[in-house]
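Novice: input_6.pdb is the file, holding PDB, N, CA and C atoms, pLDDT in the B column:
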ATOM      1  N   MET A   1      -9.509   8.504  14.091  1.00 64.00           N
ATOM      2  CA  MET A   1      -9.383   7.378  13.178  1.00 64.00           C
ATOM      3  C   MET A   1      -8.242   6.486  13.646  1.00 64.00           C
ATOM      4  N   SER A   2      -8.535   5.244  13.900  1.00 89.00           N
ATOM      5  CA  SER A   2      -7.486   4.320  14.303  1.00 89.00           C
ATOM      6  C   SER A   2      -6.843   3.699  13.069  1.00 89.00           C
ATOM      7  N   GLN A   3      -5.575   3.396  13.196  1.00 94.00           N
ATOM      8  CA  GLN A   3      -4.833   2.809  12.090  1.00 94.00           C
ATOM      9  C   GLN A   3      -4.353   1.424  12.480  1.00 94.00           C
ATOM     10  N   THR A   4      -4.250   0.555  11.493  1.00 97.00           N
ATOM     11  CA  THR A   4      -3.770  -0.799  11.705  1.00 97.00           C
ATOM     12  C   THR A   4      -2.324  -0.866  11.261  1.00 97.00           C
ATOM     13  N   TYR A   5      -1.434  -1.177  12.195  1.00 97.00           N
ATOM     14  CA  TYR A   5      -0.016  -1.280  11.894  1.00 97.00           C
ATOM     15  C   TYR A   5       0.354  -2.742  11.697  1.00 97.00           C
ATOM     16  N   LEU A   6       1.094  -3.016  10.617  1.00 97.00           N
ATOM     17  CA  LEU A   6       1.469  -4.386  10.282  1.00 97.00           C
ATOM     18  C   LEU A   6       2.972  -4.506  10.124  1.00 97.00           C
ATOM     19  N   THR A   7       3.501  -5.647  10.522  1.00 97.00           N
ATOM     20  CA  THR A   7       4.900  -5.944  10.232  1.00 97.00           C
ATOM     21  C   THR A   7       5.005  -6.352   8.765  1.00 97.00           C
ATOM     22  N   THR A   8       6.212  -6.516   8.283  1.00 97.00           N
ATOM     23  CA  THR A   8       6.414  -6.926   6.890  1.00 97.00           C
ATOM     24  C   THR A   8       5.783  -8.280   6.621  1.00 97.00           C
ATOM     25  N   ASP A   9       5.919  -9.215   7.552  1.00 97.00           N
ATOM     26  CA  ASP A   9       5.335 -10.550   7.369  1.00 97.00           C
ATOM     27  C   ASP A   9       3.808 -10.509   7.360  1.00 97.00           C
ATOM     28  N   GLU A  10       3.220  -9.694   8.217  1.00 97.00           N
ATOM     29  CA  GLU A  10       1.765  -9.568   8.242  1.00 97.00           C
ATOM     30  C   GLU A  10       1.250  -8.929   6.957  1.00 97.00           C
ATOM     31  N   LEU A  11       1.942  -7.894   6.468  1.00 97.00           N
ATOM     32  CA  LEU A  11       1.560  -7.268   5.208  1.00 97.00           C
ATOM     33  C   LEU A  11       1.705  -8.263   4.068  1.00 97.00           C
ATOM     34  N   SER A  12       2.749  -9.044   4.093  1.00 96.00           N
ATOM     35  CA  SER A  12       3.000 -10.060   3.069  1.00 96.00           C
ATOM     36  C   SER A  12       1.828 -11.026   2.938  1.00 96.00           C
ATOM     37  N   SER A  13       1.292 -11.455   4.054  1.00 97.00           N
ATOM     38  CA  SER A  13       0.166 -12.394   4.000  1.00 97.00           C
ATOM     39  C   SER A  13      -1.114 -11.725   3.506  1.00 97.00           C
ATOM     40  N   ARG A  14      -1.257 -10.428   3.738  1.00 95.00           N
ATOM     41  CA  ARG A  14      -2.463  -9.729   3.286  1.00 95.00           C
ATOM     42  C   ARG A  14      -2.455  -9.414   1.800  1.00 95.00           C
ATOM     43  N   ILE A  15      -1.300  -9.012   1.256  1.00 94.00           N
ATOM     44  CA  ILE A  15      -1.271  -8.595  -0.147  1.00 94.00           C
ATOM     45  C   ILE A  15      -0.676  -9.666  -1.055  1.00 94.00           C
ATOM     46  N   LYS A  16      -0.315 -10.805  -0.492  1.00 94.00           N
ATOM     47  CA  LYS A  16       0.177 -11.953  -1.266  1.00 94.00           C
ATOM     48  C   LYS A  16       1.461 -11.648  -2.039  1.00 94.00           C
ATOM     49  N   TYR A  17       2.338 -10.872  -1.422  1.00 94.00           N
ATOM     50  CA  TYR A  17       3.679 -10.635  -1.929  1.00 94.00           C
ATOM     51  C   TYR A  17       4.652 -11.210  -0.917  1.00 94.00           C
ATOM     52  N   ASP A  18       5.768 -11.713  -1.373  1.00 95.00           N
ATOM     53  CA  ASP A  18       6.799 -12.212  -0.483  1.00 95.00           C
ATOM     54  C   ASP A  18       7.350 -11.047   0.340  1.00 95.00           C
ATOM     55  N   SER A  19       7.663 -11.297   1.603  1.00 96.00           N
ATOM     56  CA  SER A  19       8.160 -10.224   2.460  1.00 96.00           C
ATOM     57  C   SER A  19       9.468  -9.640   1.928  1.00 96.00           C
ATOM     58  N   ARG A  20      10.277 -10.460   1.293  1.00 96.00           N
ATOM     59  CA  ARG A  20      11.522  -9.972   0.703  1.00 96.00           C
ATOM     60  C   ARG A  20      11.232  -8.993  -0.450  1.00 96.00           C
ATOM     61  N   THR A  21      10.218  -9.289  -1.254  1.00 95.00           N
ATOM     62  CA  THR A  21       9.820  -8.394  -2.342  1.00 95.00           C
ATOM     63  C   THR A  21       9.347  -7.054  -1.787  1.00 95.00           C
ATOM     64  N   ILE A  22       8.610  -7.090  -0.704  1.00 94.00           N
ATOM     65  CA  ILE A  22       8.139  -5.854  -0.072  1.00 94.00           C
ATOM     66  C   ILE A  22       9.325  -5.016   0.378  1.00 94.00           C
ATOM     67  N   ARG A  23      10.286  -5.647   1.053  1.00 94.00           N
ATOM     68  CA  ARG A  23      11.448  -4.918   1.563  1.00 94.00           C
ATOM     69  C   ARG A  23      12.356  -4.401   0.450  1.00 94.00           C
ATOM     70  N   GLU A  24      12.580  -5.194  -0.587  1.00 93.00           N
ATOM     71  CA  GLU A  24      13.572  -4.840  -1.603  1.00 93.00           C
ATOM     72  C   GLU A  24      13.012  -4.090  -2.807  1.00 93.00           C
ATOM     73  N   ARG A  25      11.764  -4.343  -3.183  1.00 92.00           N
ATOM     74  CA  ARG A  25      11.230  -3.726  -4.401  1.00 92.00           C
ATOM     75  C   ARG A  25      10.151  -2.682  -4.156  1.00 92.00           C
ATOM     76  N   LEU A  26       9.268  -2.923  -3.185  1.00 92.00           N
ATOM     77  CA  LEU A  26       8.147  -2.008  -2.979  1.00 92.00           C
ATOM     78  C   LEU A  26       8.476  -0.863  -2.030  1.00 92.00           C
ATOM     79  N   LYS A  27       9.243  -1.153  -0.980  1.00 93.00           N
ATOM     80  CA  LYS A  27       9.569  -0.133   0.006  1.00 93.00           C
ATOM     81  C   LYS A  27      10.425   0.950  -0.634  1.00 93.00           C
ATOM     82  N   ASP A  28      10.041   2.186  -0.432  1.00 91.00           N
ATOM     83  CA  ASP A  28      10.717   3.385  -0.929  1.00 91.00           C
ATOM     84  C   ASP A  28      10.552   3.633  -2.425  1.00 91.00           C
ATOM     85  N   SER A  29       9.839   2.754  -3.144  1.00 89.00           N
ATOM     86  CA  SER A  29       9.510   3.072  -4.532  1.00 89.00           C
ATOM     87  C   SER A  29       7.999   3.209  -4.665  1.00 89.00           C
ATOM     88  N   VAL A  30       7.259   2.267  -4.116  1.00 89.00           N
ATOM     89  CA  VAL A  30       5.795   2.310  -4.139  1.00 89.00           C
ATOM     90  C   VAL A  30       5.260   2.651  -2.750  1.00 89.00           C
ATOM     91  N   LEU A  31       5.833   2.029  -1.750  1.00 93.00           N
ATOM     92  CA  LEU A  31       5.439   2.272  -0.365  1.00 93.00           C
ATOM     93  C   LEU A  31       6.406   3.293   0.234  1.00 93.00           C
ATOM     94  N   LEU A  32       5.891   4.447   0.610  1.00 93.00           N
ATOM     95  CA  LEU A  32       6.719   5.567   1.022  1.00 93.00           C
ATOM     96  C   LEU A  32       6.696   5.776   2.533  1.00 93.00           C
ATOM     97  N   GLU A  33       7.860   6.090   3.078  1.00 94.00           N
ATOM     98  CA  GLU A  33       7.961   6.348   4.509  1.00 94.00           C
ATOM     99  C   GLU A  33       7.175   7.610   4.855  1.00 94.00           C
ATOM    100  N   GLY A  34       6.423   7.542   5.920  1.00 94.00           N
ATOM    101  CA  GLY A  34       5.582   8.656   6.338  1.00 94.00           C
ATOM    102  C   GLY A  34       4.194   8.617   5.735  1.00 94.00           C
ATOM    103  N   VAL A  35       4.028   7.858   4.662  1.00 94.00           N
ATOM    104  CA  VAL A  35       2.718   7.701   4.033  1.00 94.00           C
ATOM    105  C   VAL A  35       2.217   6.282   4.261  1.00 94.00           C
ATOM    106  N   HIS A  36       2.993   5.301   3.824  1.00 95.00           N
ATOM    107  CA  HIS A  36       2.592   3.898   3.897  1.00 95.00           C
ATOM    108  C   HIS A  36       3.241   3.142   5.058  1.00 95.00           C
ATOM    109  N   TYR A  37       4.327   3.672   5.589  1.00 96.00           N
ATOM    110  CA  TYR A  37       4.964   3.014   6.724  1.00 96.00           C
ATOM    111  C   TYR A  37       5.683   4.028   7.599  1.00 96.00           C
ATOM    112  N   ILE A  38       5.937   3.607   8.830  1.00 96.00           N
ATOM    113  CA  ILE A  38       6.648   4.437   9.797  1.00 96.00           C
ATOM    114  C   ILE A  38       7.743   3.611  10.446  1.00 96.00           C
ATOM    115  N   ARG A  39       8.669   4.315  11.050  1.00 96.00           N
ATOM    116  CA  ARG A  39       9.713   3.694  11.876  1.00 96.00           C
ATOM    117  C   ARG A  39       9.488   4.217  13.295  1.00 96.00           C
ATOM    118  N   PRO A  40       8.767   3.443  14.123  1.00 95.00           N
ATOM    119  CA  PRO A  40       8.437   3.945  15.456  1.00 95.00           C
ATOM    120  C   PRO A  40       9.685   4.157  16.317  1.00 95.00           C
ATOM    121  N   PHE A  41       9.665   5.240  17.053  1.00 94.00           N
ATOM    122  CA  PHE A  41      10.732   5.598  17.990  1.00 94.00           C
ATOM    123  C   PHE A  41      12.083   5.770  17.307  1.00 94.00           C
ATOM    124  N   GLY A  42      12.090   6.050  16.003  1.00 89.00           N
ATOM    125  CA  GLY A  42      13.329   6.285  15.275  1.00 89.00           C
ATOM    126  C   GLY A  42      14.193   5.057  15.093  1.00 89.00           C
ATOM    127  N   GLY A  43      13.612   3.894  15.277  1.00 92.00           N
ATOM    128  CA  GLY A  43      14.385   2.651  15.198  1.00 92.00           C
ATOM    129  C   GLY A  43      14.450   2.057  13.800  1.00 92.00           C
ATOM    130  N   ARG A  44      14.905   0.833  13.728  1.00 93.00           N
ATOM    131  CA  ARG A  44      15.031   0.140  12.453  1.00 93.00           C
ATOM    132  C   ARG A  44      13.759  -0.592  12.051  1.00 93.00           C
ATOM    133  N   LYS A  45      12.941  -0.924  13.038  1.00 95.00           N
ATOM    134  CA  LYS A  45      11.711  -1.667  12.763  1.00 95.00           C
ATOM    135  C   LYS A  45      10.760  -0.834  11.913  1.00 95.00           C
ATOM    136  N   ILE A  46      10.092  -1.507  10.977  1.00 96.00           N
ATOM    137  CA  ILE A  46       9.147  -0.841  10.088  1.00 96.00           C
ATOM    138  C   ILE A  46       7.749  -1.365  10.372  1.00 96.00           C
ATOM    139  N   LEU A  47       6.790  -0.447  10.509  1.00 97.00           N
ATOM    140  CA  LEU A  47       5.385  -0.814  10.649  1.00 97.00           C
ATOM    141  C   LEU A  47       4.622  -0.174   9.498  1.00 97.00           C
ATOM    142  N   PHE A  48       3.904  -1.000   8.756  1.00 97.00           N
ATOM    143  CA  PHE A  48       3.140  -0.533   7.607  1.00 97.00           C
ATOM    144  C   PHE A  48       1.740  -0.134   8.048  1.00 97.00           C
ATOM    145  N   ILE A  49       1.208   0.914   7.443  1.00 97.00           N
ATOM    146  CA  ILE A  49      -0.129   1.429   7.766  1.00 97.00           C
ATOM    147  C   ILE A  49      -1.101   0.821   6.759  1.00 97.00           C
ATOM    148  N   TRP A  50      -1.882  -0.147   7.210  1.00 96.00           N
ATOM    149  CA  TRP A  50      -2.735  -0.931   6.327  1.00 96.00           C
ATOM    150  C   TRP A  50      -3.741  -0.080   5.566  1.00 96.00           C
ATOM    151  N   GLU A  51      -4.392   0.855   6.224  1.00 95.00           N
ATOM    152  CA  GLU A  51      -5.435   1.651   5.579  1.00 95.00           C
ATOM    153  C   GLU A  51      -4.892   2.449   4.381  1.00 95.00           C
ATOM    154  N   LYS A  52      -3.703   3.001   4.502  1.00 94.00           N
ATOM    155  CA  LYS A  52      -3.092   3.759   3.400  1.00 94.00           C
ATOM    156  C   LYS A  52      -2.727   2.842   2.239  1.00 94.00           C
ATOM    157  N   ILE A  53      -2.195   1.668   2.555  1.00 94.00           N
ATOM    158  CA  ILE A  53      -1.818   0.719   1.509  1.00 94.00           C
ATOM    159  C   ILE A  53      -3.058   0.207   0.792  1.00 94.00           C
ATOM    160  N   GLU A  54      -4.094  -0.124   1.550  1.00 92.00           N
ATOM    161  CA  GLU A  54      -5.342  -0.612   0.976  1.00 92.00           C
ATOM    162  C   GLU A  54      -5.958   0.448   0.060  1.00 92.00           C
ATOM    163  N   GLU A  55      -5.933   1.690   0.496  1.00 90.00           N
ATOM    164  CA  GLU A  55      -6.481   2.799  -0.300  1.00 90.00           C
ATOM    165  C   GLU A  55      -5.715   2.950  -1.621  1.00 90.00           C
ATOM    166  N   ASP A  56      -4.396   2.900  -1.563  1.00 88.00           N
ATOM    167  CA  ASP A  56      -3.590   3.067  -2.769  1.00 88.00           C
ATOM    168  C   ASP A  56      -3.629   1.852  -3.690  1.00 88.00           C
ATOM    169  N   MET A  57      -3.927   0.683  -3.160  1.00 87.00           N
ATOM    170  CA  MET A  57      -4.041  -0.513  -3.988  1.00 87.00           C
ATOM    171  C   MET A  57      -5.342  -0.512  -4.791  1.00 87.00           C
ATOM    172  N   GLY A  58      -6.300   0.309  -4.375  1.00 76.00           N
ATOM    173  CA  GLY A  58      -7.567   0.365  -5.078  1.00 76.00           C
ATOM    174  C   GLY A  58      -8.633  -0.515  -4.465  1.00 76.00           C
ATOM    175  N   CYS A  59      -8.347  -1.134  -3.353  1.00 59.00           N
ATOM    176  CA  CYS A  59      -9.337  -1.994  -2.704  1.00 59.00           C
ATOM    177  C   CYS A  59     -10.506  -1.183  -2.148  1.00 59.00           C
ATOM    178  N   ALA A  60     -10.242   0.033  -1.759  1.00 50.00           N
ATOM    179  CA  ALA A  60     -11.298   0.847  -1.150  1.00 50.00           C
ATOM    180  C   ALA A  60     -12.176   1.523  -2.194  1.00 50.00           C
ATOM    181  N   SER A  61     -11.691   1.638  -3.430  1.00 53.00           N
ATOM    182  CA  SER A  61     -12.438   2.339  -4.461  1.00 53.00           C
ATOM    183  C   SER A  61     -12.496   1.519  -5.739  1.00 53.00           C
ATOM    184  N   PRO A  62     -13.662   0.995  -6.098  1.00 53.00           N
ATOM    185  CA  PRO A  62     -13.753   0.182  -7.303  1.00 53.00           C
ATOM    186  C   PRO A  62     -13.467   0.955  -8.583  1.00 53.00           C
ATOM    187  N   GLN A  63     -13.625   2.280  -8.591  1.00 51.00           N
ATOM    188  CA  GLN A  63     -13.368   3.068  -9.785  1.00 51.00           C
ATOM    189  C   GLN A  63     -11.885   3.183 -10.097  1.00 51.00           C
ATOM    190  N   SER A  64     -11.004   2.841  -9.161  1.00 55.00           N
ATOM    191  CA  SER A  64      -9.576   2.996  -9.409  1.00 55.00           C
ATOM    192  C   SER A  64      -9.082   2.039 -10.488  1.00 55.00           C
ATOM    193  N   PHE A  65      -9.871   1.028 -10.848  1.00 66.00           N
ATOM    194  CA  PHE A  65      -9.489   0.098 -11.892  1.00 66.00           C
ATOM    195  C   PHE A  65     -10.030   0.519 -13.257  1.00 66.00           C
ATOM    196  N   ALA A  66     -10.665   1.663 -13.308  1.00 70.00           N
ATOM    197  CA  ALA A  66     -11.211   2.160 -14.568  1.00 70.00           C
ATOM    198  C   ALA A  66     -10.096   2.795 -15.395  1.00 70.00           C
ATOM    199  N   ILE A  67     -10.211   2.690 -16.711  1.00 75.00           N
ATOM    200  CA  ILE A  67      -9.241   3.262 -17.638  1.00 75.00           C
ATOM    201  C   ILE A  67      -9.808   4.591 -18.141  1.00 75.00           C
ATOM    202  N   PRO A  68      -9.084   5.694 -17.915  1.00 75.00           N
ATOM    203  CA  PRO A  68      -9.606   6.990 -18.377  1.00 75.00           C
ATOM    204  C   PRO A  68      -9.594   7.079 -19.902  1.00 75.00           C
ATOM    205  N   MET A  69     -10.654   7.670 -20.446  1.00 80.00           N
ATOM    206  CA  MET A  69     -10.782   7.826 -21.893  1.00 80.00           C
ATOM    207  C   MET A  69     -10.584   9.305 -22.268  1.00 80.00           C
ATOM    208  N   ALA A  70     -10.240   9.561 -23.512  1.00 82.00           N
ATOM    209  CA  ALA A  70      -9.946  10.913 -23.978  1.00 82.00           C
ATOM    210  C   ALA A  70     -11.137  11.845 -23.846  1.00 82.00           C
ATOM    211  N   ASN A  71     -12.356  11.338 -23.968  1.00 80.00           N
ATOM    212  CA  ASN A  71     -13.545  12.194 -23.897  1.00 80.00           C
ATOM    213  C   ASN A  71     -13.993  12.490 -22.475  1.00 80.00           C
ATOM    214  N   GLY A  72     -13.200  12.031 -21.481  1.00 74.00           N
ATOM    215  CA  GLY A  72     -13.534  12.291 -20.080  1.00 74.00           C
ATOM    216  C   GLY A  72     -14.247  11.132 -19.406  1.00 74.00           C
ATOM    217  N   GLY A  73     -14.696  10.143 -20.161  1.00 77.00           N
ATOM    218  CA  GLY A  73     -15.346   8.973 -19.584  1.00 77.00           C
ATOM    219  C   GLY A  73     -14.315   7.960 -19.085  1.00 77.00           C
ATOM    220  N   VAL A  74     -14.806   6.825 -18.634  1.00 74.00           N
ATOM    221  CA  VAL A  74     -13.924   5.762 -18.170  1.00 74.00           C
ATOM    222  C   VAL A  74     -14.380   4.430 -18.757  1.00 74.00           C
ATOM    223  N   CYS A  75     -13.426   3.555 -18.995  1.00 78.00           N
ATOM    224  CA  CYS A  75     -13.707   2.202 -19.444  1.00 78.00           C
ATOM    225  C   CYS A  75     -13.480   1.269 -18.271  1.00 78.00           C
ATOM    226  N   HIS A  76     -14.460   0.449 -17.941  1.00 71.00           N
ATOM    227  CA  HIS A  76     -14.365  -0.437 -16.785  1.00 71.00           C
ATOM    228  C   HIS A  76     -13.836  -1.809 -17.148  1.00 71.00           C
ATOM    229  N   GLY A  77     -12.981  -1.879 -18.121  1.00 65.00           N
ATOM    230  CA  GLY A  77     -12.266  -3.104 -18.423  1.00 65.00           C
ATOM    231  C   GLY A  77     -12.879  -3.943 -19.452  1.00 65.00           C
TER     232      GLY A  77
END
Here is a file; write its structure as structure tokens.

Specialist:
Amino acid sequence: MSQTYLTTDELSSRIKYDSRTIRERLKDSVLLEGVHYIRPFGGRKILFIWEKIEEDMGCASPQSFAIPMANGGVCHG
């Protein structure tokens, strides 16, 4: 499986968040090192893994936007 690595600016254009917001608010709270991004060669540069971010955003699964109900069903909004 090949992965798509993105810089902060490239990710910013894909998810429509400012790159500063990604660095200061999303990184290490929502986007986790080793899961959503890596630091290649132990350096300071960060590369985001697009497939993992897309999966967690719910783009890959339409059911992720469903609201779970007490009886085990889901409400689709």

Novice: Could you tell me how far atom C of Glu54 (chain A) lies from CA of His36 (chain A), in Å and to one decimal?

Specialist: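 If I compute the distance from atom C of Glu54 (chain A) to CA of His36 (chain A), I get 10.0 Å.
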
Novice: If the PyMOL selection byres ((chain A and resi 3) around 7) is run on the structure shown, which residues does it catch, given as a ChimeraX atom specification?

Specialist: /A:1-2,4-5,49-51

Novice: So what do you get for CA of Phe48 (chain A) versus CA of Leu32 (chain A), distance-wise?

Specialist: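 Rounded to one decimal, the two atoms are 9.7 Å apart.
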
Novice: What separation in Å, quoted to one decimal, exists between CA of Tyr17 (chain A) and CA of Ser29 (chain A)?

Specialist: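 Taking CA of Tyr17 (chain A) and CA of Ser29 (chain A), their separation equals 15.1 Å.
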
Novice: Based on DSSP run over this structure's backbone, return all residues of chain A in helix (DSSP H, G or I), as a PyMOL selection string.

Specialist: chain A and resi 8-15+19-26+40-42+50-57+62-65

Novice: Extract, using only C-alpha atoms, all DNA, RNA and protein residues at most 12 Å from Glu33 (chain A), discarding same-chain residues fewer than 5 positions from it, and format them as a list of chain:residue names.

Specialist: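 Non-adjacent residues within range: A:Leu26, A:Lys27, A:Asp28, A:Ile38, A:Arg39, A:Pro40, A:Ile46, A:Leu47, A:Phe48, A:Ile49, A:Lys52, A:Ile53.
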
Novice: Quick one: DSSP strand (DSSP E) residues in chain A, as a ChimeraX atom specification?

Specialist: /A:5-6,37-38,47-49,67-68,74-75

Novice: When distances are computed from only C-alpha atoms, which of A:Leu6, A:Ala70, A:Ile15, A:Met57 shows the smallest separation from Tyr37 (chain A)?

Specialist: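 Of all the options, A:Leu6 lies closest to Tyr37 (chain A).
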
Novice: Hey, what comes out of the PyMOL selection byres ((chain A and resi 8) around 8) on this file? Could you write it as a list in words?

Specialist: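 This file gives the following for the PyMOL selection byres ((chain A and resi 8) around 8): Tyr5, Leu6, Thr7, Asp9, Glu10, Leu11, Ser12, Ser13, Arg14, Asp18, Ser19, Arg20, Ile22, Arg23, Ile46, Leu47 and Phe48 of chain A.
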